[in-house]
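Q: Just so it is clear, I am handing over model-v4.txt, which has compact mmCIF, C-alpha atoms.
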```txt
# COMPACT_ATOMS: atom_id res chain seq x y z
CA MET X 1 59.86 116.48 92.77
CA ILE X 2 61.62 119.17 90.74
CA LEU X 3 63.15 120.52 93.94
CA ALA X 4 64.43 117.04 94.85
CA SER X 5 66.06 116.53 91.46
CA LEU X 6 67.58 120.03 91.67
CA ALA X 7 69.04 119.21 95.08
CA GLY X 8 70.39 115.95 93.65
CA ASP X 9 72.00 117.82 90.77
CA VAL X 10 73.67 120.31 93.14
CA LEU X 11 74.93 117.46 95.31
CA VAL X 12 76.43 115.67 92.29
CA TRP X 13 78.10 118.91 91.21
CA VAL X 14 79.61 119.44 94.67
CA VAL X 15 80.95 115.87 94.77
CA TRP X 16 82.28 116.24 91.23
CA VAL X 17 84.10 119.50 91.96
CA VAL X 18 85.68 118.11 95.14
CA ALA X 19 86.75 114.91 93.37
CA ALA X 20 88.09 116.85 90.37
CA ILE X 21 90.17 119.18 92.56
CA ALA X 22 91.54 116.22 94.53
CA LEU X 23 92.27 114.38 91.28
CA LEU X 24 94.22 117.24 89.68
CA ALA X 25 96.02 118.32 92.87
CA SER X 26 97.17 114.78 93.66
CA GLY X 27 98.11 114.26 90.00
CA PHE X 28 100.37 117.32 90.10
CA ALA X 29 101.71 116.18 93.48
CA VAL X 30 102.73 112.78 92.03
CA VAL X 31 104.90 114.54 89.46
CA LEU X 32 106.19 117.35 91.70
CA PHE X 33 107.09 115.56 94.95
CA ARG X 34 110.79 114.85 95.35
CA ASN X 35 110.37 111.77 97.55
CA PRO X 36 108.98 108.70 95.68
CA PHE X 37 107.17 107.60 98.85
CA HIS X 38 105.18 110.86 98.96
CA SER X 39 104.46 110.55 95.24
CA ALA X 40 103.05 107.06 95.76
CA LEU X 41 100.84 108.29 98.60
CA ALA X 42 99.58 111.10 96.34
CA LEU X 43 98.82 108.51 93.67
CA ILE X 44 96.63 106.61 96.16
CA LEU X 45 94.57 109.80 96.68
CA ASN X 46 94.48 110.21 92.90
CA LEU X 47 93.12 106.68 92.40
CA GLY X 48 90.57 107.21 95.17
CA SER X 49 89.18 110.39 93.61
CA LEU X 50 89.07 108.60 90.25
CA ALA X 51 86.92 105.91 91.89
CA VAL X 52 84.51 108.67 93.02
CA LEU X 53 84.29 109.97 89.44
CA TYR X 54 83.64 106.41 88.20
CA LEU X 55 80.76 106.19 90.69
CA LEU X 56 79.33 109.46 89.33
CA LEU X 57 79.52 107.90 85.85
CA SER X 58 77.49 104.89 87.13
CA ALA X 59 80.45 102.51 86.82
CA GLU X 60 80.05 100.85 90.22
CA PHE X 61 81.96 97.65 89.46
CA VAL X 62 84.91 99.46 87.88
CA ALA X 63 85.06 101.83 90.88
CA ALA X 64 85.21 98.85 93.26
CA ALA X 65 87.86 97.15 91.11
CA GLN X 66 89.81 100.42 91.02
CA VAL X 67 89.93 100.62 94.82
CA LEU X 68 90.72 96.91 95.28
CA VAL X 69 93.22 96.35 92.46
CA TYR X 70 94.82 99.78 92.12
CA ALA X 71 94.63 101.62 95.41
CA GLY X 72 95.00 98.28 97.20
CA ALA X 73 97.20 95.70 95.51
CA VAL X 74 99.23 97.73 93.01
CA MET X 75 100.02 100.55 95.42
CA VAL X 76 101.05 98.16 98.20
CA MET X 77 103.52 96.63 95.76
CA PHE X 78 104.79 100.10 94.86
CA LEU X 79 105.23 101.07 98.50
CA PHE X 80 107.08 97.81 99.25
CA VAL X 81 109.55 98.39 96.42
CA ILE X 82 110.04 102.05 97.41
CA ALA X 83 110.71 100.98 101.00
CA TYR X 84 113.08 98.26 99.76
CA LEU X 85 115.06 100.66 97.59
CA GLY X 86 115.18 103.39 100.24
CA GLY X 87 117.54 106.23 99.35
CA ARG X 88 118.83 104.51 96.21
CA ALA X 89 115.77 105.66 94.25
CA ASP X 90 116.43 109.35 94.88
CA ALA X 91 117.58 110.46 91.43
CA PRO X 92 117.87 114.19 90.69
CA TRP X 93 114.44 115.76 90.25
CA ALA X 94 114.50 116.73 86.59
CA SER X 95 116.52 116.04 83.49
CA SER X 96 119.89 117.81 83.50
CA GLN X 97 119.52 119.20 79.98
CA ALA X 98 117.39 122.35 79.83
CA ALA X 99 116.37 121.55 76.24
CA VAL X 100 114.81 118.25 77.35
CA ARG X 101 112.83 119.98 80.10
CA VAL X 102 111.53 122.71 77.81
CA ALA X 103 110.66 120.24 75.04
CA ALA X 104 108.81 118.01 77.51
CA VAL X 105 106.72 120.86 78.91
CA VAL X 106 105.96 122.23 75.42
CA THR X 107 104.93 118.75 74.22
CA CYS X 108 102.54 118.29 77.12
CA VAL X 109 101.00 121.77 76.83
CA VAL X 110 100.47 121.34 73.07
CA LEU X 111 98.97 117.88 73.63
CA LEU X 112 96.60 119.26 76.27
CA ALA X 113 95.60 122.26 74.13
CA GLU X 114 94.92 119.98 71.19
CA VAL X 115 92.68 117.59 73.11
CA VAL X 116 90.80 120.37 74.93
CA LEU X 117 90.22 122.18 71.62
CA VAL X 118 88.74 119.05 70.05
CA ILE X 119 86.52 118.48 73.08
CA ALA X 120 85.39 122.13 73.03
CA LEU X 121 84.52 121.89 69.31
CA ASP X 122 82.41 118.81 70.00
CA ALA X 123 81.03 119.83 73.39
CA ARG X 124 77.88 121.54 72.08
CA ASP X 125 76.38 118.78 69.99
CA GLY X 126 77.97 115.38 70.53
CA LEU X 127 79.13 115.45 74.13
CA SER X 128 76.40 117.52 75.79
CA SER X 129 73.76 114.80 75.90
CA ALA X 130 74.19 111.39 77.45
CA ALA X 131 72.02 108.39 76.62
CA GLU X 132 69.52 107.14 79.19
CA ILE X 133 70.89 104.21 81.15
CA THR X 134 69.01 101.19 82.38
CA GLU X 135 68.94 99.87 85.95
CA GLY X 136 71.79 97.36 85.57
CA PHE X 137 74.28 99.66 83.81
CA GLY X 138 77.80 99.07 85.18
CA SER X 139 76.68 96.29 87.51
CA PRO X 140 78.80 93.15 88.01
CA ARG X 141 76.02 91.14 86.37
CA GLU X 142 76.15 93.11 83.13
CA LEU X 143 79.96 93.29 83.02
CA GLY X 144 80.21 89.58 83.75
CA ARG X 145 77.79 88.83 80.93
CA LEU X 146 79.84 91.01 78.57
CA PHE X 147 83.13 89.45 79.68
CA LEU X 148 81.92 85.88 79.25
CA GLY X 149 79.88 86.64 76.11
CA ASP X 150 80.92 89.27 73.59
CA ASN X 151 84.39 89.84 75.03
CA LEU X 152 85.36 86.26 75.89
CA LEU X 153 88.59 86.50 73.88
CA ALA X 154 89.60 89.71 75.72
CA PHE X 155 88.88 87.95 79.03
CA GLU X 156 91.03 84.94 78.15
CA VAL X 157 93.84 87.13 76.80
CA SER X 158 93.75 89.18 80.04
CA SER X 159 94.35 86.03 82.06
CA LEU X 160 97.22 85.11 79.74
CA VAL X 161 98.72 88.62 80.14
CA LEU X 162 98.49 88.32 83.93
CA LEU X 163 100.17 84.90 83.82
CA ILE X 164 103.00 86.18 81.62
CA GLY X 165 103.40 89.20 83.93
CA ALA X 166 103.63 86.96 86.99
CA VAL X 167 106.19 84.69 85.31
CA GLY X 168 108.15 87.72 84.13
CA GLY X 169 108.19 89.16 87.65
CA VAL X 170 109.50 85.89 89.08
CA ILE X 171 112.19 85.59 86.39
CA LEU X 172 113.31 89.20 86.85
CA GLY X 173 113.59 88.61 90.58
CA ALA X 174 115.30 85.21 90.30
CA THR X 175 117.99 85.50 87.62
CA VAL X 176 119.99 88.00 89.64
CA ARG X 177 119.86 85.78 92.69
CA ARG X 178 121.23 82.81 90.70
CA GLY X 179 124.07 85.07 89.48
CA GLU X 180 124.87 85.98 93.07
CA VAL X 181 125.20 82.31 94.03
CA GLU X 182 127.55 81.62 91.14
CA GLU X 183 129.90 84.43 92.10
CA MET J 1 72.58 112.66 83.58
CA LEU J 2 73.04 114.59 86.82
CA GLY J 3 75.99 116.90 87.26
CA PRO J 4 78.49 117.94 84.58
CA THR J 5 78.39 116.64 81.03
CA VAL J 6 80.75 114.06 79.58
CA ALA J 7 82.90 116.88 78.13
CA ALA J 8 83.90 117.98 81.66
CA TYR J 9 85.12 114.46 82.48
CA LEU J 10 87.06 114.37 79.21
CA VAL J 11 88.79 117.68 79.99
CA LEU J 12 89.76 116.29 83.41
CA SER J 13 91.12 113.18 81.73
CA ALA J 14 93.12 115.28 79.24
CA ILE J 15 94.70 117.35 82.04
CA LEU J 16 95.54 114.18 83.97
CA PHE J 17 97.12 112.63 80.86
CA ALA J 18 99.23 115.73 80.19
CA THR J 19 100.38 115.75 83.83
CA GLY J 20 101.41 112.12 83.58
CA ALA J 21 103.17 112.66 80.26
CA ALA J 22 105.11 115.58 81.76
CA GLY J 23 106.16 113.35 84.67
CA VAL J 24 107.33 110.57 82.36
CA LEU J 25 109.31 112.98 80.19
CA ILE J 26 110.86 115.17 82.89
CA ARG J 27 111.47 113.11 86.02
CA ARG J 28 114.63 110.99 86.34
CA SER J 29 113.76 108.48 89.03
CA PRO J 30 112.41 105.32 87.32
CA LEU J 31 109.95 104.85 90.20
CA ILE J 32 108.37 108.25 89.58
CA VAL J 33 108.29 107.53 85.84
CA LEU J 34 106.26 104.38 86.59
CA LEU J 35 103.92 106.34 88.88
CA ALA J 36 103.41 109.01 86.19
CA LEU J 37 102.73 106.22 83.70
CA GLU J 38 99.92 105.05 85.98
CA LEU J 39 98.49 108.58 85.81
CA MET J 40 98.40 108.36 82.01
CA LEU J 41 96.75 104.93 82.01
CA ASN J 42 94.13 106.13 84.49
CA ALA J 43 93.42 109.21 82.36
CA GLY J 44 92.68 106.84 79.49
CA ASN J 45 90.43 104.80 81.75
CA LEU J 46 88.49 107.89 82.83
CA ALA J 47 87.85 108.80 79.18
CA LEU J 48 86.74 105.23 78.41
CA ILE J 49 84.28 105.20 81.30
CA ALA J 50 82.97 108.68 80.44
CA PHE J 51 82.26 107.52 76.88
CA ALA J 52 80.70 104.32 78.18
CA ARG J 53 78.29 106.51 80.19
CA GLN J 54 77.58 108.77 77.23
CA HIS J 55 76.62 105.91 74.94
CA ALA J 56 75.07 103.86 77.77
CA ASP J 57 77.24 100.97 76.59
CA SER J 58 79.11 98.88 79.18
CA GLY J 59 81.67 97.86 76.57
CA GLY J 60 83.81 100.84 77.55
CA GLN J 61 83.87 99.64 81.15
CA VAL J 62 85.01 96.19 80.00
CA PHE J 63 87.79 97.94 78.07
CA ALA J 64 88.73 99.91 81.21
CA LEU J 65 88.99 96.67 83.21
CA ALA J 66 91.25 95.21 80.51
CA VAL J 67 93.43 98.35 80.76
CA MET J 68 93.59 97.79 84.51
CA VAL J 69 94.91 94.25 83.91
CA VAL J 70 97.58 95.57 81.56
CA ALA J 71 98.52 98.31 84.05
CA ALA J 72 98.90 95.82 86.91
CA THR J 73 101.10 93.59 84.74
CA GLU J 74 103.15 96.57 83.63
CA VAL J 75 103.75 97.55 87.26
CA VAL J 76 104.91 94.02 88.13
CA VAL J 77 107.39 93.90 85.25
CA GLY J 78 108.50 97.52 85.72
CA LEU J 79 109.10 97.15 89.46
CA GLY J 80 110.85 93.82 88.79
CA LEU J 81 113.19 95.59 86.39
CA ILE J 82 113.88 98.37 88.89
CA VAL J 83 114.65 95.88 91.68
CA ALA J 84 116.89 93.88 89.30
CA MET J 85 118.68 97.10 88.33
CA SER J 86 119.25 98.01 91.95
CA ARG J 87 120.56 94.48 92.71
CA LYS J 88 123.05 94.79 89.85
CA LYS J 89 124.17 98.11 91.37
CA VAL J 90 123.01 100.03 88.31
CA GLU J 91 122.36 103.67 89.11
CA LEU J 92 118.60 104.29 89.39
CA ASP J 93 118.54 107.33 87.13
CA VAL J 94 116.81 107.36 83.75
CA ASP J 95 119.34 109.81 82.31
CA ALA J 96 122.27 107.58 83.34
CA LEU J 97 120.90 104.51 81.52
CA THR J 98 122.47 105.16 78.13
CA GLU J 99 123.89 101.72 77.36
CA LEU J 100 121.36 101.11 74.56
CA GLU J 101 122.02 104.47 72.96
CA GLY J 102 122.97 104.12 69.28
```
Would you mind writing the structure in this file as structure tokens?

A:
Amino acid sequence: MILASLAGDVLVWVVWVVAAIALLASGFAVVLFRNPFHSALALILNLGSLAVLYLLLSAEFVAAAQVLVYAGAVMVMFLFVIAYLGGRADAPWASSQAAVRVAAVVTCVVLLAEVVLVIALDARDGLSSAAEITEGFGSPRELGRLFLGDNLLAFEVSSLVLLIGAVGGVILGATVRRGEVEE
Amino acid sequence: MLGPTVAAYLVLSAILFATGAAGVLIRRSPLIVLLALELMLNAGNLALIAFARQHADSGGQVFALAVMVVAATEVVVGLGLIVAMSRKKVELDVDALTELEG
């Protein structure tokens, strides 16, 4: 029994390390690649490894939604627009002013150091132990109950946000076309 | 909880957020800026789900799903803006878009 749980722990560690390396490498690749198409493909790998980490955190429904909504729908839209724009989206890699580049890197390093320091200060007591979870944790049943119970307002507002986004997308795509006809 | 503690997930999420922030601040192609923005949103989601696991409270996962909705909407509007810019023959370069500069 102890041996089985030890083997399970090792397996989870192996999966975690592989997913973490894929997550960070593809994250860097998104920022570093010159071609937007390659960046978008790296982001798909990034979202996939995030879904693995969500599974390790017992968030099954969110992992499924991540793959369907993000790696599926959102990224297809991204790839369509990148293909539509073609070479027009190839701006120079980095900002032309050296001061902007340096300031950006310094900001990000300081931000990272700050957050990691806070996590390290709290890692021993607060973050080292996780609460025991029940059978249905992260299941569609529990999330559905939360969405239609405690978080009903958030659920309704989400649908409103999606509607406004869809209308906005149509308007942004259509106004230019009307202008073209008038010309 | 098998495997690493919540702190390890949080460190991952912090690194991912910093990477995304660097992309948003440095890169000039608006498409890459949007992609890096997705990295930042997903880093936030990872932290939310890690905390949801730590407290055994699914509320964090509900929050993460709401963030996903906002991210999808943001992509629609952002890509719509980029396509509209390209139709109006505006140069697709963040540094060249200085019309609103004071």

Q: Pick the closest to Ala8 of chain J from X:Thr107, X:Ser26, X:Met75, X:Leu53: which is it, counting only C-alpha atoms?

A: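 Answer, going by the shortest atom-to-atom distance: X:Leu53.
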
Q: Please determine, counting all atoms listed in the file, which residue among X:Leu160, X:Ala91, X:Gly149, X:Val81 has the shortest atom-to-atom distance to Gly78 of chain J.

A: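 Counting all atoms listed in the file, the residue closest to Gly78 of chain J is X:Val81.
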
Q: Write out as a list of chain:residue names every residue belonging to chain X that has an atom at most 6 Å from any atom of chain J, counting all atoms listed in the file.

A: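 Those within range of chain J come out as X:Asp9, X:Val12, X:Trp13, X:Val31, X:Leu57, X:Ala89, X:Ala91, X:Trp93, X:Ala94, X:Ser95, X:Arg101, X:Ala104, X:Cys108, X:Leu112, X:Ala123, X:Leu127, X:Ser128, X:Ala130, X:Ala131, X:Ile133, X:Leu162, X:Gly165, X:Gly169, X:Leu172.
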
Q: Take the selection from the previous step and output its residues with C-alpha atoms, as a tab-separated table (two decimals), in the frame of the given file.

A:
```tsv
chain	number	residue	atom	x	y	z
X	9	ASP	CA	72.00	117.82	90.77
X	12	VAL	CA	76.43	115.67	92.29
X	13	TRP	CA	78.10	118.91	91.21
X	31	VAL	CA	104.90	114.54	89.46
X	57	LEU	CA	79.52	107.90	85.85
X	89	ALA	CA	115.77	105.66	94.25
X	91	ALA	CA	117.58	110.46	91.43
X	93	TRP	CA	114.44	115.76	90.25
X	94	ALA	CA	114.50	116.73	86.59
X	95	SER	CA	116.52	116.04	83.49
X	101	ARG	CA	112.83	119.98	80.10
X	104	ALA	CA	108.81	118.01	77.51
X	108	CYS	CA	102.54	118.29	77.12
X	112	LEU	CA	96.60	119.26	76.27
X	123	ALA	CA	81.03	119.83	73.39
X	127	LEU	CA	79.13	115.45	74.13
X	128	SER	CA	76.40	117.52	75.79
X	130	ALA	CA	74.19	111.39	77.45
X	131	ALA	CA	72.02	108.39	76.62
X	133	ILE	CA	70.89	104.21	81.15
X	162	LEU	CA	98.49	88.32	83.93
X	165	GLY	CA	103.40	89.20	83.93
X	169	GLY	CA	108.19	89.16	87.65
X	172	LEU	CA	113.31	89.20	86.85
```

Q: If I take atom CA of Tyr54 of chain X and atom CA of Leu23 of chain X, how far is one from the other in Å, to one decimal?

A: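 Here the two named atoms are 12.1 Å from each other.
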
Q: How far is it from atom CA of Asp122 of chain X to atom CA of Leu24 of chain X, in Å with one decimal?

A: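 Calculated distance between atom CA of Asp122 of chain X and atom CA of Leu24 of chain X is 23.0 Å.
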
Q: State, in Å with one decimal place, the distance from atom CA of Leu148 of chain X to atom CA of Gly48 of chain X.

A: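 Between atom CA of Leu148 of chain X and atom CA of Gly48 of chain X the gap is 28.0 Å.
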
Q: Which of these residues is nearest to Leu45 of chain X, using only C-alpha atoms: X:Val62, X:Ala19, X:Leu68, X:Ala99?

A: X:Ala19

Q: Hey, what's within 10 Å of Ala63 of chain X if we count only C-alpha atoms and toss same-chain stuff fewer than 3 positions away? As a PyMOL selection string, please?

A: chain X and resi 47-60+66-69+138

Q: Hey, could you patch up segment 98-111 of chain X with N, CA and C atoms and hand it over as a JSON list (two decimals), in the coordinates of the input?

A:
```
[["chain", "number", "residue", "atom", "x", "y", "z"],
["X", 98, "ALA", "N", 118.51, 121.41, 79.85],
["X", 98, "ALA", "CA", 117.39, 122.35, 79.83],
["X", 98, "ALA", "C", 116.51, 122.12, 78.60],
["X", 99, "ALA", "N", 117.14, 121.75, 77.47],
["X", 99, "ALA", "CA", 116.37, 121.55, 76.24],
["X", 99, "ALA", "C", 115.34, 120.44, 76.42],
["X", 100, "VAL", "N", 115.73, 119.37, 77.12],
["X", 100, "VAL", "CA", 114.81, 118.25, 77.35],
["X", 100, "VAL", "C", 113.62, 118.71, 78.18],
["X", 101, "ARG", "N", 113.91, 119.50, 79.24],
["X", 101, "ARG", "CA", 112.83, 119.98, 80.10],
["X", 101, "ARG", "C", 111.84, 120.85, 79.33],
["X", 102, "VAL", "N", 112.40, 121.79, 78.57],
["X", 102, "VAL", "CA", 111.53, 122.71, 77.81],
["X", 102, "VAL", "C", 110.71, 121.92, 76.79],
["X", 103, "ALA", "N", 111.37, 121.01, 76.06],
["X", 103, "ALA", "CA", 110.66, 120.24, 75.04],
["X", 103, "ALA", "C", 109.55, 119.40, 75.67],
["X", 104, "ALA", "N", 109.81, 118.84, 76.85],
["X", 104, "ALA", "CA", 108.81, 118.01, 77.51],
["X", 104, "ALA", "C", 107.59, 118.84, 77.89],
["X", 105, "VAL", "N", 107.84, 120.02, 78.48],
["X", 105, "VAL", "CA", 106.72, 120.86, 78.91],
["X", 105, "VAL", "C", 105.92, 121.34, 77.69],
["X", 106, "VAL", "N", 106.65, 121.75, 76.62],
["X", 106, "VAL", "CA", 105.96, 122.23, 75.42],
["X", 106, "VAL", "C", 105.11, 121.10, 74.83],
["X", 107, "THR", "N", 105.67, 119.89, 74.75],
["X", 107, "THR", "CA", 104.93, 118.75, 74.22],
["X", 107, "THR", "C", 103.63, 118.54, 74.99],
["X", 108, "CYS", "N", 103.72, 118.57, 76.31],
["X", 108, "CYS", "CA", 102.54, 118.29, 77.12],
["X", 108, "CYS", "C", 101.50, 119.39, 76.99],
["X", 109, "VAL", "N", 101.96, 120.66, 76.95],
["X", 109, "VAL", "CA", 101.00, 121.77, 76.83],
["X", 109, "VAL", "C", 100.29, 121.71, 75.47],
["X", 110, "VAL", "N", 101.07, 121.42, 74.40],
["X", 110, "VAL", "CA", 100.47, 121.34, 73.07],
["X", 110, "VAL", "C", 99.47, 120.19, 73.02],
["X", 111, "LEU", "N", 99.85, 119.05, 73.59],
["X", 111, "LEU", "CA", 98.97, 117.88, 73.63],
["X", 111, "LEU", "C", 97.66, 118.22, 74.33]]
```
